[in-house]
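Everything below concerns the one structure shown next.
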Protein chains: 4
Amino acid sequence: MLIRLRKHLPEAEIQAILAAADQMGFQARFLDRERELVELSGPSRPDARSRLEDLAGVRDVLDAGESRELFARDPARRSSPHAGDSVVSVGQARFGAGHVSLIAGPCAVEGAERLIEIALGVRERGATVLRGGAFKPRTSPYSFQGARHEGLEWLRRAKLESGLPVVTELLDPRDVELVGEIADMFQIGSRNMANTPLLSEVGRTRKPVLLKRGFAASLRELLLAAEFVLAGGNENVVLCERGIRGFDPNTRNVLDVGAVAHLKRATHLPVIVDPSHAAGRPDLVRALARAGLAAGADGVICEVHTHPYEVHCDGHQAISLEEFARLTADARAIAALDGRRLVTDSAQETVS
Amino acid sequence: MLIRLRKHLPEAEIQAILAAADQMGFQARFLDRERELVELSGPSRPDARSRLEDLAGVRDVLDAGESRELFARDPARRSSPHAGDSVVSVGQARFGAGHVSLIAGPCAVEGAERLIEIALGVRERGATVLRGGAFKPRTSPYSFQGARHEGLEWLRRAKLESGLPVVTELLDPRDVELVGEIADMFQIGSRNMANTPLLSEVGRTRKPVLLKRGFAASLRELLLAAEFVLAGGNENVVLCERGIRGFDPNTRNVLDVGAVAHLKRATHLPVIVDPSHAAGRPDLVRALARAGLAAGADGVICEVHTHPYEVHCDGHQAISLEEFARLTADARAIAALDGRRLVTDSAQETVS
Amino acid sequence: MLIRLRKHLPEAEIQAILAAADQMGFQARFLDRERELVELSGPSRPDARSRLEDLAGVRDVLDAGESRELFARDPARRSSPHAGDSVVSVGQARFGAGHVSLIAGPCAVEGAERLIEIALGVRERGATVLRGGAFKPRTSPYSFQGARHEGLEWLRRAKLESGLPVVTELLDPRDVELVGEIADMFQIGSRNMANTPLLSEVGRTRKPVLLKRGFAASLRELLLAAEFVLAGGNENVVLCERGIRGFDPNTRNVLDVGAVAHLKRATHLPVIVDPSHAAGRPDLVRALARAGLAAGADGVICEVHTHPYEVHCDGHQAISLEEFARLTADARAIAALDGRRLVTDSAQETVS
Amino acid sequence: MLIRLRKHLPEAEIQAILAAADQMGFQARFLDRERELVELSGPSRPDARSRLEDLAGVRDVLDAGESRELFARDPARRSSPHAGDSVVSVGQARFGAGHVSLIAGPCAVEGAERLIEIALGVRERGATVLRGGAFKPRTSPYSFQGARHEGLEWLRRAKLESGLPVVTELLDPRDVELVGEIADMFQIGSRNMANTPLLSEVGRTRKPVLLKRGFAASLRELLLAAEFVLAGGNENVVLCERGIRGFDPNTRNVLDVGAVAHLKRATHLPVIVDPSHAAGRPDLVRALARAGLAAGADGVICEVHTHPYEVHCDGHQAISLEEFARLTADARAIAALDGRRLVTDSAQETVS
């Protein structure tokens with residue numbers, strides 16, 4: 001590792017930093033006469049970079065070298081994006097290592113019948129996980145906050161009827177058991193990416209976690225949010241790029257496909273995209289799903305609804321079952337371009 | 001109110017929207033032949049805009065008119081920024097209606113002696129509230145997460161010794177009682193602005209809340225976050241602009257002084273600025289504090305430390321007691337420019 | 001069209017607006033009692049929206065309706081992205097209406113031999129246009145500003161040797177003739193998207209123009225920049241999305257694939273992507289090219305170099321000939337997904 | 001200086017870099033075993049950093065050290081913002097070194113009578129420079145592009161009648177003589193900050209230049225744009241912060257007061273703010289002007305109009321003469337806070 005100290009640091013502070021490095025097992029060597037550049041050599045530790053950056057006298061870490069967080073891809077495998085991948089499984093779905101899977105369903109769950117109808121519809125057309133929010137994070141206290149406990153019950157019924165596993169959002173660390181009874185995968189939404197009590201709670205479980213990037217979070221911030229889960233012992237984290245806040249009104253967010261491509265080199269964790277929240281309008285969802293997959297994403301989560309005008313939610317972006325079937329066909333073809341495979345329940349799917 | 005429906009909406013959906021409007025007590029009138037523009041007249045309701053926007057068939061609200069959330073300033077008083085203000089009091093500190101107060105202290109609390117030293121130092125120089133984090137929201141699980149329970153104990157001692165009330169961050173809805181035993185004001189940090197369970201919890205108390213703007217949150221998002229607290233019955237909300245994420249590396253964030261100026265017209269709630277997190281470096285803190293106050297802010301929260309190299313925190317931005325004394329003098333002078341007054345404990349302050 | 005006037009507009013101003021509308025051939029009708037909403041009906045005019053927005057009393061244009069700029073796609077053809085496309089041809093290259101073409105070459109031209117070597121290399125691997133800057137827009141006056149006149153001479157030789165047409169950047173309206181002698185297509189760079197004298201100059205020619213989106217330009221700003229060229233009578237405009245300024249340091253810019261997808265619905269003009277400037281690093285170029293094409297782009301412009309360490313330019317993002325050959329294969333496959341075709345010089349290309 | 005080379009650089013490339021450093025007069029010394037960190041010592045040169053960054057094998061410049069561009073403030077004077085300032089004079093106006101001046105006038109000039117009326121009005125109320133555009137950079141080709149030659153004639157008359165010097169925008173390098181006949185100061189607008197032919201042209205004159213920051217330009221990009229002018233021999237550059245593109249709709253741009261504060265430390269050039277374009281609405285202009293001055297700005301440029309509904313321009317942000325008088329009073333008071341002085345034509349001004 002190579003770190004840079006602040007200029008004109010008092011000698012006592014330099015010694016404190018060297019002691020901290022020593023405690024982590026590093027040998028330190030100053031590179032320059034001004035004693036600002038310090039080369040540290042020693043064991044690879046997941047906490048090294050964060051702990052060094054935490055010291056007030058350290059200006060920056062110039063080369064993280066042996067510091068390797070749990071999320072980090074083995075550097076020797078950076079050029080072969082899918083070889084060193086972790087795989088996260090949710091029911092039949094597989095994310096990573098050349099497996100591409102699709103998650104689909106309504107934004108919020110708004111009734112058992114409708115939810116079952118949608119679940120059967122998306123299962124037939126290639127989805128292997130059902131999405132649907134029971135607890136919704138909303139901008140306004142007067143907006144529909146989700147059907148809550150009743151919504152969880154609807155999800156339970158839809159699971160039974162469709163056989164699909166369910167991903168649903170967890171908003172409150174006090175709900176981890178309640179939601180965990182139904183959910184096969186916890187969703188941590190964009191607004192909660194940095195909610196560390198929530199991350200720590202799901203880190204204590206062994207259930208897969210879908211972690212959405214905050215809409216203005218840097219990639220290191222996203223990866224360190226994942227590290228909160230991984231450090232708790234839960235290795236089943238799937239990252240999700242869902243668009244960053246931009247300035248053009250034609251799309252709600254900007255789907256950052258460069259982030260997808262970079263993440264596939266920086267981490268072994270699977271990465272999927274959410275084209276629905278990125279677009280904020282149904283007609284662009286399929287194009288964005290294609291773009292995300294072409295950039296290397298291991299899957300797609302998207303909103304599908306059979307009756308779009310019934311929705312009480314933060315957008316009007318759900319696509320129809322027909323459009324979802326086209327998206328599935330696209331996903332299969334793009335996955336195949338570089339030897340990946342779309343995972344579907346072949347017994348069910350009727351789309352060629 | 002004036003709302004616009006989506007084009008070519010099915011008649012059943014139009015009727016559903018009209019029924020929802022009727023239920024809210026509105027008379028509806030179509031303005032155009034295509035039946036897309038609807039004028040609603042009726043009672044002023046805080047929930048009207050949010051509930052209408054929630055309907056999938058509503059494209060947008062063109063004129064919010066009688067919809068007036070609890071945060072909203074009486075429109076008749078928009079041109080006289082301080083006349084219609086709410087005042088929030090924390091100990092001797094007053095925010096709003098021409099009162100300007102200063103909050104100062106360390107980023108995180110890291111020991112009782114040091115904290116007391118800082119508390120006495122900032123009290124002497126014009127602060128009327130002590131800040132200091134016991135529970136810290138950190139980007140990495142390996143960074144110092146705050147002294148937690150021990151930190152709360154240090155805050156209790158510093159309160160006793162200095163007589164200053166304390167604002168400290170609340171991260172987890174499960175900690176509201178624990179933290180509330182010590183805190184005179186809850187801080188909801190930037191990363192938790194949209195953490196609705198947390199907002200709802202502090203809305204159930206009657207303790208003042210310092211609500212920081214998310215670093216990529218729009219002003220309406222900030223105001224609706226405040227509405228979660230207000231709607232719970234807690235009227236003591238102080239908003240804080242602390243910088244939005246920009247692209248230039250010379251400052252950590254961009255202090256949005258236009259947001260301060262706009263908020264003072266849009267809401268009766270007090271608005272303060274945090275120049276420390278905006279700057280991310282100590283030498284610009286005072287200039288940003290001045291700018292925020294000159295734009296109309298009702299106060300400043302800033303990091304002050306007597307031994308800056310001891311800090312284990314997310315920056316190196318604390319200013320010295322001497323610089324804080326200069327900041328206080330600036331604040332008094334700028335407040336006076338438009339007839340406002342810096343509130344200090346005159347018995348203690350030695351700065352002229 | 002539907003426009004909204006400012007509140008409490010003096011009657012004389014209302015009359016002035018009505019007179020302006022009348023002069024454009026519109027019948028005006030007020031929709032509301034407050035006389036703020038005006039419905040205008042009449043002929044479709046490319047200048048209507050811009051001219052109405054220009055009036056100080058007009059608050060906004062709520063529905064552009066019959067206002068249809070020259071760039072606008074026929075609304076009836078918005079759902080079939082490639083059916084209503086214009087096609088722009090440069091030598092054998094075709095952009096739009098189902099044709100996909102690749103532009104490749106060095107960032108700046110730095111010597112005749114090297115340029116010819118690269119030109120032959122990219123032609124063999126599927127490029128149909130050679131790129132290369134002779135006049136470079138640089139951030140610093142001390143950076144290499146391009147080989148200028150000598151560079152144009154090298155481009156002339158490379159055209160002769162390779163048979164490829166050339167696109168090169170035009171920086172100065174005084175150079176339009178000089179550069180036009182060599183260039184088969186003018187490039188207007190990101191920093192000059194809003195340089196209206198330059199846009200007007202190329203609008204007077206009939207030579208194809210590659211117009212890059214400014215790195216913080218909205219899509220309407222980009223389209224109106226194109227309108228400057230179109231209004232001059234030059235219909236040969238190709239738009240280029242090259243990344244917008246973001247906040248994450250891992251990529252230089254954020255390739256806005258949603259912009260590509262939206263533009264294909266909003267305009268009949270061809271849209272290509274520049275993955276090189278978006279990525280700012282060679283290892284992500286191919287992934288971003290794939291993403292752009294999958295979102296609907298009609299082509300790719302990318303930097304290719306045989307000796308990357310020789311480059312004196314604003315990045316280190318050029319890919320090798322081998323990587324470009326893989327990009328070409330990707331482009332062919334993705335184009336085929338929705339029935340489009342990669343245009344190559346089949347006599348030359350050796351890639352299967 | 002401290003530079004970092006790319007990893008695994010071929011030996012020939014390392015030698016090429018060392019040769020380039022030698023040619024600039026630097027002694028090079030490798031700090032680390034991997035030969036990636038190079039310390040360069042030698043003369044202070046304005047071009048060193050830019051030229052080194054231009055080499056493809058150089059990864060980054062870690063410490064610019066002796067590289068000191070012409071814009072750079074003497075490091076020894078960074079802590080006393082006004083002591084090392086350059087002063088730029090335009091008529092009686094002075095910018096920098098403790099002098100604060102106000103520029104006011106209409107966005108575009110739209111008639112001689114009106115312009116004279118405004119010029120006399122702002123002169124009486126404290127402005128020492130008249131602003132007004134004859135050539136306007138517009139987003140749409142159908143918007144009013146300025147009165148052009150006729151507008152220059154109106155500016156000439158307003159100068160004569162009011163005695164105020166004039167700043168007006170230069171859009172086209174071919175117009176430098178024409179505009180220079182009337183203008184006492186050239187304005188380079190936000191959209192042209194990176195228009196290097198234009199910057200070079202005004203660098204050849206000795207007339208003061210008002211250089212506006214591009215709305216998404218980093219501060220180094222702004223300073224290097226100024227360097228184009230300075231390197232041409234024209235030392236009379238005033239920088240202007242006018243707001244960066246944000247995401248909240250309540251203000252048109254985000255006035256970056258941190259940029260003002262940083263620039264005052266980084267450069268000796270004067271820095272002013274444009275609150276009109278930042279706000280995009282008249283009611284916030286005064287608050288933003290105050291904020292900019294409180295952050296350290298050496299002046300303000302703002303739009304003032306006697307008949308706001310006549311304006312055909314890119315906004316509706318002009319303030320009245322009365323509001324401008326209040327802004328002048330604010331500016332005088334804020335300047336006085338740290339010993340600066342508002343420069344006015346005392347013979348004319350009637351505001352106390």
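Residue numbers start at 1 in each chain; chains themselves are named A, B, ... in the order of the structure tokens; ligands are numbered from 1 in the order shown.
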Ala108 in chain D environment, 8 Å, only C-alpha atoms, sequence neighbours closer than 4 positions dropped, as number ranges by chain: D: 132-134, 136, 146-147, 311-313
Expected file contents, prior selection, N, CA and C atoms, as a PDB file, in the first residue's frame:
```
ATOM      1  N   GLY D 132     -24.797  44.387 -21.034  1.00  0.00           N
ATOM      2  CA  GLY D 132     -25.857  44.341 -22.031  1.00  0.00           C
ATOM      3  C   GLY D 132     -25.361  43.594 -23.248  1.00  0.00           C
ATOM      4  N   GLY D 133     -26.125  42.596 -23.678  1.00  0.00           N
ATOM      5  CA  GLY D 133     -25.682  41.754 -24.776  1.00  0.00           C
ATOM      6  C   GLY D 133     -26.188  42.243 -26.120  1.00  0.00           C
ATOM      7  N   ALA D 134     -25.312  42.331 -27.075  1.00  0.00           N
ATOM      8  CA  ALA D 134     -25.711  42.623 -28.455  1.00  0.00           C
ATOM      9  C   ALA D 134     -25.724  41.327 -29.266  1.00  0.00           C
ATOM     10  N   LYS D 136     -26.165  37.438 -28.662  1.00  0.00           N
ATOM     11  CA  LYS D 136     -26.618  36.557 -27.589  1.00  0.00           C
ATOM     12  C   LYS D 136     -26.435  35.093 -27.970  1.00  0.00           C
ATOM     13  N   GLY D 146     -30.108  38.521 -30.403  1.00  0.00           N
ATOM     14  CA  GLY D 146     -29.474  39.801 -30.071  1.00  0.00           C
ATOM     15  C   GLY D 146     -29.630  40.792 -31.210  1.00  0.00           C
ATOM     16  N   ALA D 147     -29.516  42.076 -30.853  1.00  0.00           N
ATOM     17  CA  ALA D 147     -29.710  43.132 -31.861  1.00  0.00           C
ATOM     18  C   ALA D 147     -28.453  43.328 -32.704  1.00  0.00           C
ATOM     19  N   VAL D 311     -38.593  41.943 -22.033  1.00  0.00           N
ATOM     20  CA  VAL D 311     -37.359  41.205 -22.314  1.00  0.00           C
ATOM     21  C   VAL D 311     -37.613  39.993 -23.219  1.00  0.00           C
ATOM     22  N   HIS D 312     -36.756  39.787 -24.207  1.00  0.00           N
ATOM     23  CA  HIS D 312     -36.749  38.569 -25.020  1.00  0.00           C
ATOM     24  C   HIS D 312     -35.454  37.856 -24.744  1.00  0.00           C
ATOM     25  N   CYS D 313     -35.430  37.066 -23.723  1.00  0.00           N
ATOM     26  CA  CYS D 313     -34.127  36.536 -23.358  1.00  0.00           C
ATOM     27  C   CYS D 313     -34.305  35.226 -22.627  1.00  0.00           C
TER      28      CYS D 313
END
```
Test item: residues at most 7 Å from Leu198 in chain C, only C-alpha atoms, excluding those fewer than 3 positions along its chain, as a PyMOL selection string: chain C and resi 172-173+195+201-202
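Atom pair CA of Val273 in chain B / CA of Gly339 in chain B: separated by 19.1 Å.
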Find the residues of chain C that sit at most 7 Å from chain D; for each, write down the nearest two atoms and how far apart they are in Å, to one decimal. Count only C-alpha atoms. Sort by chain, then by number going up, and give it as a Markdown table.
```
| residue | atom | partner | partner_atom | distance |
| --- | --- | --- | --- | --- |
| C:Asp47 | CA | D:Tyr142 | CA | 5.5 |
| C:Ser50 | CA | D:Ser143 | CA | 5.8 |
| C:Arg51 | CA | D:Ser143 | CA | 5.6 |
| C:Asp54 | CA | D:His312 | CA | 5.4 |
| C:Leu55 | CA | D:His312 | CA | 5.6 |
| C:Ala56 | CA | D:Tyr309 | CA | 5.2 |
| C:Gly57 | CA | D:Tyr309 | CA | 6.0 |
| C:Pro137 | CA | D:Thr196 | CA | 6.8 |
| C:Thr139 | CA | D:Glu221 | CA | 6.1 |
| C:Ser140 | CA | D:Leu224 | CA | 5.2 |
| C:Pro141 | CA | D:Phe228 | CA | 5.3 |
| C:Tyr142 | CA | D:Asp47 | CA | 5.5 |
| C:Ser143 | CA | D:Arg51 | CA | 5.6 |
| C:Asp172 | CA | D:Pro197 | CA | 6.2 |
| C:Arg191 | CA | D:Ala194 | CA | 6.2 |
| C:Asn192 | CA | D:Asn195 | CA | 6.9 |
| C:Ala194 | CA | D:Arg191 | CA | 6.2 |
| C:Asn195 | CA | D:Asn192 | CA | 6.9 |
| C:Thr196 | CA | D:Pro137 | CA | 6.8 |
| C:Pro197 | CA | D:Asp172 | CA | 6.2 |
| C:Ala216 | CA | D:Ala216 | CA | 6.1 |
| C:Glu221 | CA | D:Thr139 | CA | 6.1 |
| C:Leu224 | CA | D:Ser140 | CA | 5.2 |
| C:Ala225 | CA | D:Thr139 | CA | 6.8 |
| C:Glu227 | CA | D:Pro141 | CA | 6.7 |
| C:Phe228 | CA | D:Pro141 | CA | 5.3 |
| C:Tyr309 | CA | D:Ala56 | CA | 5.3 |
| C:Glu310 | CA | D:Ala56 | CA | 6.7 |
| C:Val311 | CA | D:Ala56 | CA | 5.7 |
| C:His312 | CA | D:Asp54 | CA | 5.4 |
| C:Cys313 | CA | D:Asp54 | CA | 6.0 |
| C:Asp314 | CA | D:Asp54 | CA | 7.0 |
| C:His316 | CA | D:Ala56 | CA | 6.2 |
```
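Of all the residues in range 194-322 of chain B, the ones DSSP labels as strand (DSSP E or B) from the backbone are Val209, Leu210, Leu211, Lys212, Val237, Val238, Leu239, Cys240, Glu241, Ile244, Val254, Asp256, Thr267, Val271, Ile272, Val273, Gly299, Val300, Ile301, Cys302, Glu303, Val304, His312 and Ile319 of chain B.
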CA of Pro282 in chain B to CA of Arg94 in chain B, straight-line distance in Å: 25.9 Å
As an mmCIF file with N, CA and C atoms, in the first residue's frame, please: the residues near Leu155 in chain B (cut-off 12 Å, only C-alpha atoms, same-chain neighbours under 2 positions excluded).
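Result saved to out_5.cif:
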```
data_model
loop_
_atom_site.group_PDB
_atom_site.id
_atom_site.type_symbol
_atom_site.label_atom_id
_atom_site.label_comp_id
_atom_site.auth_asym_id
_atom_site.auth_seq_id
_atom_site.Cartn_x
_atom_site.Cartn_y
_atom_site.Cartn_z
ATOM 1 N N GLY B 105 -19.096 21.929 17.866
ATOM 2 C CA GLY B 105 -18.549 20.807 18.611
ATOM 3 C C GLY B 105 -17.831 19.863 17.668
ATOM 4 N N PRO B 106 -17.366 18.746 18.218
ATOM 5 C CA PRO B 106 -16.602 17.812 17.393
ATOM 6 C C PRO B 106 -17.528 17.004 16.474
ATOM 7 N N ALA B 108 -17.294 13.502 15.904
ATOM 8 C CA ALA B 108 -17.656 12.420 16.821
ATOM 9 C C ALA B 108 -17.113 12.755 18.204
ATOM 10 N N VAL B 109 -17.767 12.249 19.231
ATOM 11 C CA VAL B 109 -17.203 12.425 20.567
ATOM 12 C C VAL B 109 -16.201 11.302 20.799
ATOM 13 N N GLU B 110 -14.995 11.686 21.289
ATOM 14 C CA GLU B 110 -13.932 10.687 21.414
ATOM 15 C C GLU B 110 -13.296 10.701 22.801
ATOM 16 N N GLY B 111 -14.054 11.120 23.791
ATOM 17 C CA GLY B 111 -13.514 11.140 25.154
ATOM 18 C C GLY B 111 -14.151 12.278 25.937
ATOM 19 N N ALA B 112 -14.385 12.043 27.224
ATOM 20 C CA ALA B 112 -15.116 13.027 28.023
ATOM 21 C C ALA B 112 -14.320 14.307 28.215
ATOM 22 N N GLU B 113 -13.035 14.173 28.546
ATOM 23 C CA GLU B 113 -12.247 15.382 28.836
ATOM 24 C C GLU B 113 -12.218 16.305 27.631
ATOM 25 N N ARG B 114 -11.893 15.703 26.501
ATOM 26 C CA ARG B 114 -11.793 16.497 25.281
ATOM 27 C C ARG B 114 -13.120 17.167 24.962
ATOM 28 N N LEU B 115 -14.177 16.413 25.126
ATOM 29 C CA LEU B 115 -15.500 16.947 24.790
ATOM 30 C C LEU B 115 -15.850 18.130 25.689
ATOM 31 N N ILE B 116 -15.542 18.005 26.948
ATOM 32 C CA ILE B 116 -15.842 19.102 27.881
ATOM 33 C C ILE B 116 -14.997 20.323 27.533
ATOM 34 N N GLU B 117 -13.753 20.082 27.226
ATOM 35 C CA GLU B 117 -12.862 21.176 26.811
ATOM 36 C C GLU B 117 -13.439 21.922 25.610
ATOM 37 N N ILE B 118 -13.891 21.138 24.632
ATOM 38 C CA ILE B 118 -14.458 21.774 23.436
ATOM 39 C C ILE B 118 -15.767 22.490 23.778
ATOM 40 N N ALA B 119 -16.606 21.855 24.594
ATOM 41 C CA ALA B 119 -17.908 22.439 24.933
ATOM 42 C C ALA B 119 -17.719 23.793 25.614
ATOM 43 N N VAL B 129 -25.543 25.601 21.327
ATOM 44 C CA VAL B 129 -25.831 24.167 21.301
ATOM 45 C C VAL B 129 -24.510 23.443 21.026
ATOM 46 N N LEU B 130 -24.324 22.319 21.707
ATOM 47 C CA LEU B 130 -23.138 21.479 21.484
ATOM 48 C C LEU B 130 -23.502 20.348 20.527
ATOM 49 N N ARG B 131 -22.671 20.149 19.501
ATOM 50 C CA ARG B 131 -22.884 18.996 18.636
ATOM 51 C C ARG B 131 -21.842 17.932 18.970
ATOM 52 N N GLY B 132 -22.102 16.687 18.579
ATOM 53 C CA GLY B 132 -21.137 15.626 18.817
ATOM 54 C C GLY B 132 -21.811 14.293 18.575
ATOM 55 N N GLY B 133 -21.212 13.472 17.744
ATOM 56 C CA GLY B 133 -21.835 12.211 17.368
ATOM 57 C C GLY B 133 -21.385 11.073 18.265
ATOM 58 N N ALA B 134 -22.327 10.306 18.758
ATOM 59 C CA ALA B 134 -22.003 9.081 19.486
ATOM 60 C C ALA B 134 -22.208 7.878 18.558
ATOM 61 N N PHE B 135 -23.240 7.951 17.743
ATOM 62 C CA PHE B 135 -23.495 6.928 16.722
ATOM 63 C C PHE B 135 -23.192 7.568 15.376
ATOM 64 N N ALA B 147 -18.488 6.211 19.537
ATOM 65 C CA ALA B 147 -18.255 5.604 20.855
ATOM 66 C C ALA B 147 -19.543 5.041 21.437
ATOM 67 N N ARG B 148 -20.657 5.260 20.760
ATOM 68 C CA ARG B 148 -21.946 4.674 21.079
ATOM 69 C C ARG B 148 -22.389 4.956 22.531
ATOM 70 N N HIS B 149 -22.690 3.935 23.316
ATOM 71 C CA HIS B 149 -23.232 4.184 24.654
ATOM 72 C C HIS B 149 -22.275 5.007 25.506
ATOM 73 N N GLU B 150 -20.995 4.698 25.374
ATOM 74 C CA GLU B 150 -20.007 5.465 26.130
ATOM 75 C C GLU B 150 -20.039 6.928 25.675
ATOM 76 N N GLY B 151 -20.222 7.121 24.390
ATOM 77 C CA GLY B 151 -20.285 8.474 23.854
ATOM 78 C C GLY B 151 -21.470 9.253 24.407
ATOM 79 N N LEU B 152 -22.594 8.570 24.557
ATOM 80 C CA LEU B 152 -23.762 9.243 25.144
ATOM 81 C C LEU B 152 -23.443 9.693 26.570
ATOM 82 N N GLU B 153 -22.704 8.858 27.283
ATOM 83 C CA GLU B 153 -22.339 9.204 28.653
ATOM 84 C C GLU B 153 -21.448 10.451 28.672
ATOM 85 N N ARG B 157 -22.082 14.184 30.443
ATOM 86 C CA ARG B 157 -21.154 14.931 31.305
ATOM 87 C C ARG B 157 -20.858 16.319 30.732
ATOM 88 N N ALA B 158 -20.707 16.386 29.425
ATOM 89 C CA ALA B 158 -20.393 17.687 28.808
ATOM 90 C C ALA B 158 -21.559 18.660 28.971
ATOM 91 N N LYS B 159 -22.784 18.157 28.898
ATOM 92 C CA LYS B 159 -23.968 18.999 29.137
ATOM 93 C C LYS B 159 -23.915 19.587 30.533
ATOM 94 N N LEU B 160 -23.642 18.689 31.496
ATOM 95 C CA LEU B 160 -23.607 19.122 32.891
ATOM 96 C C LEU B 160 -22.542 20.189 33.102
ATOM 97 N N GLU B 161 -21.356 19.926 32.541
ATOM 98 C CA GLU B 161 -20.242 20.842 32.782
ATOM 99 C C GLU B 161 -20.417 22.187 32.077
ATOM 100 N N SER B 162 -20.983 22.123 30.881
ATOM 101 C CA SER B 162 -21.032 23.357 30.077
ATOM 102 C C SER B 162 -22.381 24.058 30.155
ATOM 103 N N GLY B 163 -23.391 23.329 30.517
ATOM 104 C CA GLY B 163 -24.729 23.917 30.489
ATOM 105 C C GLY B 163 -25.324 24.027 29.093
ATOM 106 N N LEU B 164 -24.597 23.556 28.092
ATOM 107 C CA LEU B 164 -25.118 23.636 26.724
ATOM 108 C C LEU B 164 -26.042 22.457 26.435
ATOM 109 N N PRO B 165 -27.146 22.699 25.726
ATOM 110 C CA PRO B 165 -27.931 21.573 25.235
ATOM 111 C C PRO B 165 -27.160 20.861 24.120
ATOM 112 N N VAL B 166 -27.584 19.643 23.831
ATOM 113 C CA VAL B 166 -26.817 18.782 22.943
ATOM 114 C C VAL B 166 -27.663 18.318 21.763
ATOM 115 N N VAL B 167 -27.074 18.376 20.568
ATOM 116 C CA VAL B 167 -27.681 17.718 19.414
ATOM 117 C C VAL B 167 -26.779 16.559 19.010
ATOM 118 N N THR B 168 -27.363 15.392 18.807
ATOM 119 C CA THR B 168 -26.558 14.234 18.417
ATOM 120 C C THR B 168 -27.374 13.376 17.457
ATOM 121 N N GLU B 169 -26.665 12.636 16.625
ATOM 122 C CA GLU B 169 -27.337 11.936 15.533
ATOM 123 C C GLU B 169 -28.035 10.670 16.008
ATOM 124 N N VAL B 179 -31.190 7.472 22.910
ATOM 125 C CA VAL B 179 -30.558 8.732 22.519
ATOM 126 C C VAL B 179 -31.354 9.912 23.062
ATOM 127 N N GLY B 180 -32.683 9.748 23.103
ATOM 128 C CA GLY B 180 -33.533 10.838 23.585
ATOM 129 C C GLY B 180 -33.311 11.169 25.054
ATOM 130 N N GLU B 181 -32.737 10.246 25.803
ATOM 131 C CA GLU B 181 -32.462 10.560 27.207
ATOM 132 C C GLU B 181 -31.399 11.644 27.352
ATOM 133 N N ILE B 182 -30.483 11.679 26.378
ATOM 134 C CA ILE B 182 -29.386 12.647 26.438
ATOM 135 C C ILE B 182 -29.636 13.843 25.520
ATOM 136 N N ALA B 183 -30.117 13.552 24.332
ATOM 137 C CA ALA B 183 -30.182 14.592 23.304
ATOM 138 C C ALA B 183 -31.279 15.606 23.604
ATOM 139 N N ASP B 184 -30.944 16.865 23.408
ATOM 140 C CA ASP B 184 -31.959 17.913 23.455
ATOM 141 C C ASP B 184 -32.537 18.151 22.069
#
```
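With distances restricted to only C-alpha atoms, D:Gly98 is the closest residue to Ala335 in chain D from D:Gly246, D:Pro275, D:Gly98, D:Gly121.
Rounded to one decimal, CA of Ala97 in chain D and CA of Asp85 in chain D lie 4.9 Å from each other.
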Which of range 159-347 of chain B DSSP labels alpha helix (DSSP H), written as an MDAnalysis selection string: chainID B and resid 159:162 176:182 196:204 219:231 257:266 275:279 285:294 321:337
Give me the residues near Thr128 in chain D as a PDB file with C-alpha atoms, in the first residue's frame, where near means some atom within 8 Å (using only C-alpha atoms) and where sequence neighbours in that chain fewer than 5 positions away do not count.
```pdb
ATOM      1  CA  GLY D  91     -13.313  52.689 -15.999  1.00  0.00           C
ATOM      2  CA  GLN D  92     -13.803  53.597 -12.368  1.00  0.00           C
ATOM      3  CA  ALA D  93     -14.567  50.019 -11.411  1.00  0.00           C
ATOM      4  CA  SER D 101     -17.566  46.685  -7.882  1.00  0.00           C
ATOM      5  CA  LEU D 102     -20.995  46.126  -9.375  1.00  0.00           C
ATOM      6  CA  ILE D 103     -21.895  45.475 -12.998  1.00  0.00           C
ATOM      7  CA  ARG D 123     -25.257  54.262 -12.283  1.00  0.00           C
ATOM      8  CA  LEU D 164     -20.342  53.988 -17.657  1.00  0.00           C
ATOM      9  CA  PRO D 165     -17.917  51.585 -19.301  1.00  0.00           C
ATOM     10  CA  VAL D 343     -16.239  51.154  -5.385  1.00  0.00           C
ATOM     11  CA  THR D 344     -18.900  53.545  -6.615  1.00  0.00           C
ATOM     12  CA  ASP D 345     -18.949  56.807  -8.475  1.00  0.00           C
TER      13      ASP D 345
END
```
